[in-house]
file data_19.txt (compact mmCIF, C-alpha atoms)
# COMPACT_ATOMS: atom_id res chain seq x y z
CA MET R 1040 -5.09 -9.07 16.69
CA THR R 1041 -7.47 -11.22 18.69
CA LEU R 1042 -9.25 -8.42 20.41
CA SER R 1043 -11.96 -6.18 19.28
CA SER R 1044 -13.30 -3.03 20.81
CA LEU R 1045 -16.67 -2.11 22.13
CA PHE R 1046 -17.83 1.41 22.59
CA SER R 1047 -21.16 2.30 24.00
CA THR R 1048 -22.99 5.25 25.37
CA GLU R 1049 -26.09 5.82 27.42
CA SER R 1050 -28.02 7.15 24.52
CA HIS R 1051 -31.65 8.17 24.69
CA TYR R 1052 -32.27 7.12 21.15
CA ARG R 1053 -35.12 4.72 20.69
CA MET R 1054 -34.17 1.08 20.45
CA HIS R 1055 -33.91 -0.69 17.17
CA ARG R 1056 -32.59 -4.15 16.62
CA PRO R 1057 -29.60 -4.41 14.37
CA ARG R 1058 -30.45 -5.99 11.08
CA GLN R 1059 -29.93 -9.69 10.75
CA SER R 1060 -26.97 -9.54 8.49
CA THR R 1061 -24.59 -6.70 8.93
CA PRO R 1062 -23.97 -5.25 5.52
CA SER R 1063 -20.29 -5.52 5.64
CA VAL R 1064 -19.11 -3.95 2.50
CA GLU R 1065 -16.49 -6.23 1.19
CA ALA R 1066 -13.11 -4.73 1.77
CA SER R 1067 -11.77 -4.60 -1.73
CA SER R 1068 -8.12 -4.29 -2.52
CA HIS R 1069 -8.72 -0.61 -2.99
CA SER R 1070 -10.64 0.04 0.15
CA GLY R 1071 -10.36 3.35 1.86
CA ALA R 1072 -12.32 4.82 4.68
CA GLU R 1073 -16.00 5.00 4.00
CA LEU R 1074 -19.17 4.78 5.96
CA VAL R 1075 -21.96 2.74 4.45
CA THR R 1076 -25.53 2.24 5.55
CA SER R 1077 -27.16 -1.15 5.77
CA ASP R 1078 -28.82 -0.66 2.41
CA GLY R 1079 -25.52 0.22 0.77
CA ARG R 1080 -25.73 4.01 0.67
CA ALA R 1081 -22.41 5.69 1.31
CA LEU R 1082 -22.53 8.48 3.86
CA PRO R 1083 -20.67 11.55 2.71
CA LEU R 1084 -17.21 12.03 4.13
CA THR R 1085 -17.09 15.75 4.81
CA SER R 1086 -13.58 16.02 6.20
CA SER R 1087 -10.54 13.94 6.95
CA ILE R 1088 -7.72 15.04 9.23
CA LEU R 1089 -4.60 13.07 10.02
CA ARG R 1090 -2.87 13.93 13.28
CA ALA R 1091 0.50 12.42 14.10
CA GLU R 1092 2.92 12.78 16.94
CA ALA R 1093 6.15 11.00 17.71
CA GLY R 1094 8.14 10.52 20.86
CA GLY R 1095 9.78 7.86 22.96
CA GLY R 1096 10.27 5.64 19.96
CA LEU R 1097 6.59 5.54 19.10
CA ALA R 1098 4.58 7.29 16.45
CA ARG R 1099 0.91 7.84 17.21
CA ILE R 1100 -1.47 8.54 14.41
CA VAL R 1101 -5.11 9.50 14.70
CA LEU R 1102 -7.27 9.62 11.61
CA GLU R 1103 -10.25 11.87 12.26
CA GLN R 1104 -13.03 11.47 9.75
CA THR R 1105 -16.34 13.24 9.76
CA PHE R 1106 -19.34 11.67 8.10
CA GLU R 1107 -22.82 13.05 7.76
CA ASN R 1108 -25.91 10.92 7.93
CA VAL R 1109 -27.85 13.11 5.53
CA GLY R 1110 -29.75 10.45 3.66
CA ALA R 1111 -31.14 8.11 6.27
CA GLY R 1112 -34.87 8.13 5.89
CA ASP R 1113 -35.33 6.09 9.03
CA ALA R 1114 -35.13 8.76 11.70
CA GLU R 1115 -34.01 6.50 14.50
CA THR R 1116 -31.64 3.90 13.31
CA ILE R 1117 -29.08 3.23 10.71
CA HIS R 1118 -26.45 0.60 10.79
CA VAL R 1119 -23.11 1.35 9.26
CA THR R 1120 -19.87 -0.29 8.39
CA CYS R 1121 -16.67 1.69 8.22
CA LYS R 1122 -13.49 0.50 6.59
CA MET R 1123 -10.39 2.12 7.98
CA PRO R 1124 -6.98 1.27 6.56
CA LEU R 1125 -4.36 1.61 9.28
CA PRO R 1126 -0.57 1.25 9.02
CA ALA R 1127 0.30 -2.41 8.54
CA ASP R 1128 3.06 -2.23 11.13
CA GLY R 1129 0.92 -0.47 13.68
CA ALA R 1130 -1.50 -1.58 16.34
CA VAL R 1131 -4.81 0.00 17.27
CA SER R 1132 -4.14 1.99 20.37
CA GLY R 1133 -7.36 3.82 20.84
CA TYR R 1134 -10.66 4.73 19.38
CA GLU R 1135 -13.42 7.18 19.97
CA PHE R 1136 -16.31 8.60 18.09
CA THR R 1137 -18.45 11.66 18.52
CA ILE R 1138 -22.12 12.02 17.75
CA GLY R 1139 -23.48 15.47 18.33
CA ALA R 1140 -22.09 16.77 21.61
CA ARG R 1141 -21.14 13.36 22.97
CA THR R 1142 -17.79 11.68 22.65
CA ILE R 1143 -17.61 7.96 23.32
CA LYS R 1144 -14.29 6.34 24.13
CA GLY R 1145 -13.63 2.71 23.31
CA ARG R 1146 -12.33 -0.12 25.39
CA VAL R 1147 -10.74 -3.38 24.33
CA GLU R 1148 -12.58 -6.63 24.93
CA PRO R 1149 -12.16 -10.20 23.68
CA LYS R 1150 -13.80 -10.48 20.32
CA GLU R 1151 -16.83 -12.62 21.17
CA ARG R 1152 -17.59 -10.72 24.35
CA ALA R 1153 -17.32 -7.42 22.52
CA ARG R 1154 -19.77 -8.61 19.88
CA GLU R 1155 -22.23 -9.76 22.56
CA GLN R 1156 -22.00 -6.45 24.43
CA PHE R 1157 -22.39 -4.51 21.22
CA GLU R 1158 -25.55 -6.34 20.25
CA GLN R 1159 -26.95 -6.06 23.77
CA ALA R 1160 -26.31 -2.30 23.74
CA LEU R 1161 -28.29 -1.98 20.54
CA LEU R 1162 -31.11 -4.02 22.00
CA ASP R 1163 -31.07 -1.67 24.98
CA GLY R 1164 -31.49 1.27 22.63
CA ARG R 1165 -28.02 2.70 23.13
CA THR R 1166 -25.71 3.91 20.45
CA ALA R 1167 -22.79 1.51 20.25
CA ALA R 1168 -19.87 0.73 18.02
CA LEU R 1169 -17.73 -2.29 17.38
CA LEU R 1170 -14.29 -2.16 15.80
CA GLU R 1171 -12.89 -5.44 14.52
CA GLN R 1172 -9.79 -6.36 12.61
CA GLU R 1173 -10.53 -7.76 9.20
CA ARG R 1174 -7.04 -7.91 7.78
CA ALA R 1175 -3.64 -6.71 8.88
CA ASP R 1176 -4.46 -3.09 8.16
CA ILE R 1177 -8.21 -3.08 7.55
CA PHE R 1178 -10.67 -2.65 10.35
CA THR R 1179 -14.42 -2.76 10.11
CA GLN R 1180 -16.56 -0.73 12.37
CA ASP R 1181 -20.23 -1.16 13.08
CA ILE R 1182 -22.14 1.69 14.64
CA GLY R 1183 -25.73 1.14 15.60
CA ASN R 1184 -28.61 3.42 16.54
CA ILE R 1185 -27.35 6.58 14.88
CA PRO R 1186 -30.05 9.20 14.42
CA ALA R 1187 -30.86 10.67 11.05
CA GLY R 1188 -29.21 14.01 10.46
CA ALA R 1189 -26.39 13.30 12.89
CA THR R 1190 -22.76 14.07 12.20
CA ILE R 1191 -20.38 11.28 13.15
CA VAL R 1192 -16.71 11.86 13.84
CA ALA R 1193 -14.72 8.63 14.01
CA ARG R 1194 -11.19 8.71 15.43
CA PRO R 1195 -9.31 5.41 15.20
CA GLY R 1196 -5.79 5.75 16.49
CA SER R 1197 -2.80 3.57 15.91
CA SER R 1198 0.66 3.37 17.34
CA SER R 1199 3.68 2.13 15.51
CA ALA R 1200 7.40 2.35 15.72
CA GLU R 1201 8.75 5.76 14.84
CA PRO R 1202 9.98 5.88 11.26
CA MET R 1203 13.58 6.23 12.40
CA GLN R 1204 13.12 3.20 14.63
CA THR R 1205 11.52 0.92 12.06
CA ASN R 1206 13.25 -2.42 12.15
CA LEU R 1207 12.22 -4.75 9.36
CA ASP R 1208 13.94 -7.63 11.12
CA VAL R 1209 10.68 -8.19 12.99
CA HIS R 1210 9.76 -10.16 9.87
CA LEU R 1211 12.94 -12.22 10.02
CA PRO R 1212 11.63 -15.14 12.15
CA GLY R 1213 8.71 -15.66 9.77
CA THR R 1214 11.00 -15.40 6.78
CA LEU R 1215 13.33 -18.01 8.28
CA ASP R 1216 10.26 -20.23 8.72
CA ARG R 1217 9.66 -19.85 4.96
CA ASP R 1218 6.52 -17.81 5.53
CA THR R 1219 6.02 -15.92 2.28
CA ARG R 1220 3.56 -13.56 3.96
CA ALA R 1221 6.22 -12.47 6.45
CA PHE R 1222 8.70 -12.07 3.64
CA GLY R 1223 6.11 -10.04 1.75
CA GLN R 1224 5.84 -7.65 4.68
CA TRP R 1225 9.61 -7.39 4.80
CA MET R 1226 9.66 -6.61 1.08
CA ALA R 1227 6.96 -3.96 1.56
CA GLY R 1228 9.36 -2.04 3.78
CA ALA R 1229 12.62 -2.93 2.07
CA GLU R 1230 11.89 -2.61 -1.63
CA GLY R 1231 11.89 1.18 -1.87
CA THR R 1232 15.17 1.47 0.02
CA ILE R 1233 16.87 -1.17 -2.11
CA ARG R 1234 15.62 0.53 -5.26
CA GLU R 1235 16.83 3.91 -4.02
CA SER R 1236 20.27 2.46 -3.30
CA LEU R 1237 20.55 1.69 -7.03
CA ARG R 1238 19.68 5.20 -8.21
CA SER R 1239 23.20 5.92 -9.46
CA PHE R 1240 23.00 2.83 -11.70
CA ALA R 1241 19.70 3.81 -13.33
CA GLN R 1242 21.23 4.78 -16.67
CA VAL R 1243 23.49 1.76 -17.02
CA VAL R 1244 21.53 -1.23 -15.71
CA ASP R 1245 17.87 -2.26 -15.59
CA VAL R 1246 17.21 -1.45 -11.92
CA GLU R 1247 13.83 -3.23 -11.80
CA ALA R 1248 15.44 -6.51 -12.91
CA ILE R 1249 18.12 -6.12 -10.25
CA VAL R 1250 15.66 -5.24 -7.48
CA GLN R 1251 13.61 -8.36 -8.21
CA GLU R 1252 16.66 -10.58 -8.38
CA ALA R 1253 18.07 -9.12 -5.16
CA LEU R 1254 14.77 -9.68 -3.33
CA LEU R 1255 14.66 -13.25 -4.57
CA ARG R 1256 18.23 -13.87 -3.44
CA VAL R 1257 17.49 -12.47 0.02
CA TRP R 1258 14.69 -15.01 0.29
CA GLN R 1259 17.05 -17.78 -0.84
CA VAL R 1260 19.89 -16.96 1.54
CA ALA R 1261 17.74 -15.94 4.52
CA PRO R 1262 17.78 -19.42 6.19
CA ARG R 1263 21.58 -19.18 6.41
CA PHE R 1264 21.62 -15.55 7.44
CA VAL R 1265 23.00 -14.62 10.87
CA PRO R 1266 21.89 -11.12 11.97
CA ASP R 1267 24.57 -8.90 13.46
CA GLY R 1268 22.24 -7.55 16.13
CA ALA R 1269 21.88 -4.09 14.66
CA PRO R 1270 18.46 -3.10 13.24
CA ASN R 1271 17.58 -3.92 9.65
CA ALA R 1272 20.29 -6.51 9.17
CA LEU R 1273 18.35 -8.26 6.40
CA LEU R 1274 17.78 -4.95 4.63
CA ARG R 1275 21.48 -4.17 4.70
CA LEU R 1276 22.16 -7.61 3.25
CA GLY R 1277 19.59 -6.93 0.52
CA ILE R 1278 21.23 -3.64 -0.39
CA ARG R 1279 24.65 -5.27 -0.57
CA ILE R 1280 23.30 -8.04 -2.81
CA ALA R 1281 21.61 -5.47 -5.06
CA LYS R 1282 24.73 -3.32 -5.37
CA ASN R 1283 26.93 -6.32 -6.10
CA LEU R 1284 24.49 -7.46 -8.76
CA ALA R 1285 24.49 -4.00 -10.31
CA ILE R 1286 28.28 -3.85 -10.38
CA SER R 1287 28.43 -7.33 -11.92
CA GLU R 1288 25.96 -6.23 -14.56
CA VAL R 1289 27.95 -3.14 -15.46
CA ARG R 1290 31.01 -5.32 -15.91
CA ARG R 1291 29.20 -8.14 -17.70
CA THR R 1292 27.21 -6.13 -20.20
CA LYS R 1293 30.04 -3.78 -21.12
CA SER R 1294 27.42 -1.65 -22.81
CA ARG R 1295 29.94 1.12 -22.53
CA PRO R 1296 33.43 1.15 -21.11
CA VAL R 1297 33.18 1.97 -17.43
CA PRO R 1298 36.44 2.55 -15.56
CA GLU R 1299 36.79 0.73 -12.25
CA GLU R 1300 36.90 3.98 -10.31
CA GLU R 1301 33.57 5.01 -11.84
CA ILE R 1302 32.04 1.69 -10.79
CA GLU R 1303 33.35 2.22 -7.29
CA GLY R 1304 31.82 5.68 -7.37
CA LEU R 1305 28.45 4.29 -8.39
CA ALA R 1306 28.58 1.84 -5.53
CA ASN R 1307 29.66 4.39 -2.99
CA ILE R 1308 26.61 4.35 -0.76
CA ASN R 1309 26.58 4.18 2.99
CA VAL R 1310 24.44 1.10 3.55
CA ASN R 1311 24.05 1.82 7.23
CA ALA R 1312 22.59 5.26 6.53
CA LEU R 1313 19.65 3.84 4.59
CA GLU R 1314 16.39 3.39 6.46
CA PRO R 1315 13.26 1.48 5.47
CA GLU R 1316 10.63 3.57 3.79
CA VAL R 1317 7.46 4.10 5.77
CA ALA R 1318 4.15 4.13 3.94
CA ASP R 1319 2.10 7.31 4.11
CA PRO R 1320 -1.25 6.35 5.70
CA MET R 1321 -2.92 9.39 4.15
CA LEU R 1322 -1.95 8.25 0.65
CA ARG R 1323 -3.88 4.99 1.03
CA SER R 1324 -7.00 6.70 2.21
CA VAL R 1325 -7.08 9.40 -0.47
CA LEU R 1326 -5.95 7.09 -3.24
CA ALA R 1327 -8.91 4.79 -2.69
CA LYS R 1328 -11.23 7.67 -3.44
CA CYS R 1329 -9.23 8.79 -6.49
CA TYR R 1330 -9.26 5.24 -7.81
CA GLU R 1331 -13.05 5.20 -7.74
CA LEU R 1332 -13.10 8.23 -10.05
CA LEU R 1333 -11.07 6.60 -12.83
CA PRO R 1334 -12.79 6.11 -16.19
CA ALA R 1335 -13.47 2.50 -17.17
CA GLN R 1336 -10.67 1.78 -19.63
CA PRO R 1337 -7.76 3.30 -17.68
CA ARG R 1338 -9.07 1.57 -14.58
CA ARG R 1339 -9.18 -1.78 -16.32
CA ALA R 1340 -5.59 -1.36 -17.45
CA LEU R 1341 -4.49 -0.41 -13.93
CA ASP R 1342 -6.44 -3.27 -12.37
CA LEU R 1343 -4.82 -5.80 -14.62
CA ARG R 1344 -1.31 -4.54 -13.94
CA LEU R 1345 -2.06 -4.86 -10.23
CA SER R 1346 -3.80 -8.21 -10.26
CA ARG R 1347 -1.41 -9.86 -12.70
CA ALA R 1348 1.77 -8.31 -11.36
CA GLY R 1349 4.88 -9.18 -13.30
CA GLU R 1350 3.12 -10.30 -16.47
CA ALA R 1351 4.09 -8.84 -19.83
CA ASP R 1352 2.04 -5.87 -20.99
CA SER R 1353 1.42 -7.66 -24.29
CA ALA R 1354 -0.38 -10.45 -22.39
CA LEU R 1355 -2.35 -7.95 -20.31
CA ALA R 1356 -3.34 -6.03 -23.44
CA GLN R 1357 -4.49 -9.23 -25.07
CA ALA R 1358 -6.65 -10.04 -22.04
CA LEU R 1359 -8.42 -6.71 -22.58
CA SER R 1360 -8.58 -7.16 -26.36
CA MET R 1361 -6.40 -4.10 -26.81
CA GLN R 1362 -3.28 -3.37 -28.76
CA LYS R 1363 -0.27 -3.13 -26.48
CA ASN R 1364 0.18 0.58 -27.18
CA THR R 1365 -3.49 1.22 -26.41
CA PHE R 1366 -3.09 -0.66 -23.14
CA LEU R 1367 -0.02 1.41 -22.25
CA GLN R 1368 -1.81 4.64 -23.11
CA ASN R 1369 -4.72 3.66 -20.89
CA PHE R 1370 -2.39 2.73 -18.07
CA GLY R 1371 -0.56 6.04 -18.48
CA ARG R 1372 -3.87 7.86 -18.34
CA ALA R 1373 -4.78 6.10 -15.10
CA ARG R 1374 -1.41 7.07 -13.63
CA LYS R 1375 -1.78 10.73 -14.56
CA LEU R 1376 -5.40 10.95 -13.39
CA LEU R 1377 -4.49 9.45 -10.03
CA ALA R 1378 -1.58 11.87 -9.69
CA GLU R 1379 -3.83 14.81 -10.54
CA CYS R 1380 -6.50 13.68 -8.08
CA LEU R 1381 -3.93 13.17 -5.31
CA ARG R 1382 -2.53 16.64 -5.88
CA LYS R 1383 -5.97 18.19 -5.76
CA SER R 1384 -6.54 16.36 -2.47
CA GLY R 1385 -3.40 17.87 -1.01
CA VAL R 1386 -1.22 14.77 -1.20
CA ALA R 1387 2.38 15.31 -2.33
CA VAL R 1388 3.00 13.42 -5.55
CA ASP R 1389 6.34 12.07 -6.73
CA GLU R 1390 7.47 13.80 -9.89
CA GLY R 1391 8.02 10.39 -11.47
CA LEU R 1392 4.29 9.83 -11.46
CA VAL R 1393 3.55 12.77 -13.75
CA ALA R 1394 6.74 13.31 -15.74
CA MET D 1219 3.52 7.88 -34.08
CA SER D 1220 6.09 10.48 -33.09
CA GLU D 1221 9.44 9.42 -31.71
CA GLU D 1222 8.71 11.23 -28.46
CA ARG D 1223 5.44 9.41 -27.98
CA ASP D 1224 7.09 6.13 -28.88
CA ASP D 1225 9.71 6.79 -26.24
CA GLU D 1226 7.00 7.60 -23.69
CA LEU D 1227 5.31 4.25 -24.25
CA LEU D 1228 8.63 2.47 -23.87
CA VAL D 1229 9.21 4.24 -20.56
CA GLU D 1230 5.71 3.22 -19.46
CA GLU D 1231 6.52 -0.37 -20.33
CA VAL D 1232 9.95 -0.44 -18.68
CA ALA D 1233 8.55 1.16 -15.52
CA GLY D 1234 6.29 -1.89 -15.09
CA ALA D 1235 7.28 -4.90 -13.01
CA TYR D 1236 7.34 -7.38 -15.87
CA ARG D 1237 10.74 -8.92 -16.43
CA PRO D 1238 11.47 -12.13 -18.33
CA ARG D 1239 12.30 -14.94 -15.92
CA PRO D 1240 16.09 -15.20 -15.51
CA ARG D 1241 17.87 -18.27 -16.80
CA ASP D 1242 21.65 -18.15 -16.40
CA THR D 1243 21.90 -14.41 -16.34
CA LEU D 1244 19.72 -11.56 -15.23
CA ARG D 1245 17.24 -10.63 -17.95
CA TYR D 1246 16.33 -7.04 -18.66
CA HIS D 1247 13.09 -5.74 -20.01
CA PRO D 1248 13.55 -5.95 -23.79
CA ALA D 1249 12.44 -2.33 -24.20
CA TRP D 1250 15.07 -1.10 -21.72
CA HIS D 1251 17.77 -1.49 -24.40
CA ASP D 1252 15.84 0.85 -26.70
CA LEU D 1253 15.93 3.70 -24.20
CA GLY D 1254 18.55 6.39 -24.02
CA PRO D 1255 20.14 7.43 -20.71
CA ASP D 1256 17.58 10.14 -19.98
CA ALA D 1257 14.63 7.89 -20.70
CA ARG D 1258 16.17 5.18 -18.49
CA ALA D 1259 16.45 7.66 -15.65
CA ARG D 1260 12.82 8.63 -16.27
CA ALA D 1261 11.77 4.96 -16.16
CA PHE D 1262 13.59 4.61 -12.83
CA GLU D 1263 11.75 7.58 -11.34
CA ARG D 1264 8.43 6.41 -12.69
CA ALA D 1265 8.90 2.86 -11.38
CA ARG D 1266 9.80 4.26 -7.98
CA ALA D 1267 6.66 6.39 -7.86
CA LEU D 1268 4.43 3.66 -9.27
CA ARG D 1269 5.56 1.11 -6.70
CA LYS D 1270 4.47 3.40 -3.88
CA LEU D 1271 1.13 3.88 -5.57
CA GLU D 1272 0.66 0.17 -6.15
CA ALA D 1273 1.54 -0.63 -2.55
CA ALA D 1274 -1.00 1.92 -1.36
CA LEU D 1275 -3.67 0.25 -3.50
CA ASP D 1276 -2.77 -3.24 -2.33
CA PRO D 1277 -4.51 -4.66 0.77
CA GLU D 1278 -1.21 -6.04 2.06
CA GLY D 1279 0.83 -3.05 1.03
CA LEU D 1280 2.75 -4.92 -1.65
CA SER D 1281 3.88 -3.40 -4.92
CA THR D 1282 3.79 -5.27 -8.21
CA THR D 1283 7.54 -5.85 -7.80
CA ALA D 1284 6.96 -7.62 -4.49
CA ARG D 1285 4.02 -9.54 -5.98
CA ALA D 1286 6.15 -10.59 -8.96
CA VAL D 1287 8.90 -11.82 -6.63
CA LEU D 1288 6.38 -13.76 -4.52
CA ALA D 1289 5.05 -15.36 -7.71
CA ARG D 1290 8.56 -16.52 -8.56
CA ILE D 1291 9.13 -17.84 -5.04
CA GLU D 1292 5.85 -19.73 -5.14
CA GLY D 1293 6.63 -21.08 -8.60
CA ARG D 1294 3.69 -19.39 -10.27

call {"tool": "encode", "arguments": {"input": "data_19.txt", "output": "structure tokens"}}
result
Amino acid sequence: MTLSSLFSTESHYRMHRPRQSTPSVEASSHSGAELVTSDGRALPLTSSILRAEAGGGLARIVLEQTFENVGAGDAETIHVTCKMPLPADGAVSGYEFTIGARTIKGRVEPKERAREQFEQALLDGRTAALLEQERADIFTQDIGNIPAGATIVARPGSSSAEPMQTNLDVHLPGTLDRDTRAFGQWMAGAEGTIRESLRSFAQVVDVEAIVQEALLRVWQVAPRFVPDGAPNALLRLGIRIAKNLAISEVRRTKSRPVPEEEIEGLANINVNALEPEVADPMLRSVLAKCYELLPAQPRRALDLRLSRAGEADSALAQALSMQKNTFLQNFGRARKLLAECLRKSGVAVDEGLVA
Amino acid sequence: MSEERDDELLVEEVAGAYRPRPRDTLRYHPAWHDLGPDARARAFERARALRKLEAALDPEGLSTTARAVLARIEGR
């Protein structure tokens, strides 16, 4: 997105210049929504409400988060940065924030102009906010001239295709251009559906190995792929590749005699009925907070599995000077603690995470 | 270590995204062969749940499976 948003209000608060360097808290890989003062103090998030509505092929989501400026010693001004993860396939469609009795609605401006207007508003002593895209789904927000003791309600809204309308083929042109980032975004939507299509094979083949091989083969054949015009053509191809691989494996390994009719039964899935999975925006937000609560060792094990994806656990354990079983126990502890925290926060947790 | 606990660690391992790089044929996680049918089903469910979690923790929404595939594509 090349635009940013400027929001200002005719505030009576006394003017303070924004500090020289905006304390943008680095958006880590685990960033969730938080509001941070210029000296690094996090403002308490007192509530978080996700509102969603769908219609006309669009899903609109508004994340309403209430922060309290309870700790700002400076009575007139604090400067804050807010990180707000939004759906990767969505676009910002609106923004407003409320301070006290006033609600300020945002408008979209070219990035440089928005920044200039934002800074001018602060110089004029008005409360103003600037929302800028940092990454595909991370937005930073600066709010200036917020009085001590104020409650701030931020409401970024995004629009995206309705789940039933999600078409992962939007990533097809990039994939054909050999753009691994575009293919990554396709995989983000396709992987869960491909994995689910192999559920009936779970006891007879290593599904993870097949999912990875199927994804790799989709990448390899994509340049020769001709879409049929219906949505999710590449996903349907991926599912067919995965199922064929699974059937080949059942036949090749002959780990147990499997009659042909049973193989056909395993493969009996209506490819066209499968839809891409849509990420739960609430999960990302809550999970970031749960992650911060993890004890050191489980967190280190989890971090390493994430940052060195696909490496053997024995190598990861060695990097942490742990025995492999100790590493696995720590990872398992991280998994269970996250599941417990998510449940306590009201997020539905897959049984596979705790069983 | 009890057999049950041993089994649990194997499930934890198999539910991860590590897989030996394929040569001529697809290569399974070595520990997968040590699991019985029920434990394999459990590993499937756990992997499914973990991938969602991983994607939600990743700035680009990618699971470790997707990251592992990208590493193979990029020859890492």

call {"tool": "interface_residues", "arguments": {"input": "data_19.txt", "of": "chain R", "to": "chain D", "cutoff": "6 Å", "atoms": "only C-alpha atoms", "output": "PyMOL selection string"}}
result
chain R and resi 1068-1069+1227+1241-1242+1245+1248+1323+1348-1351+1389+1391-1392

call {"tool": "axis_aligned_box", "arguments": {"input": "data_19.txt", "around": "segment 1245-1254 of chain R", "padding_each_side": "6 Å", "output": "lines of an AutoDock Vina configuration file"}}
result
center_x = 15.9
center_y = -6.0
center_z = -9.5
size_x = 16.5
size_y = 21.1
size_z = 24.3

call {"tool": "atom_distance", "arguments": {"input": "data_19.txt", "atom1": "atom CA of Leu1102 of chain R", "atom2": "atom CA of Pro1195 of chain R"}}
result
5.9 Å

call {"tool": "atom_distance", "arguments": {"input": "data_19.txt", "atom1": "atom CA of Lys1282 of chain R", "atom2": "atom CA of Leu1254 of chain R"}}
result
12.0 Å

call {"tool": "atom_distance", "arguments": {"input": "data_19.txt", "atom1": "atom CA of Asp1208 of chain R", "atom2": "atom CA of Arg1294 of chain D"}}
result
26.5 Å
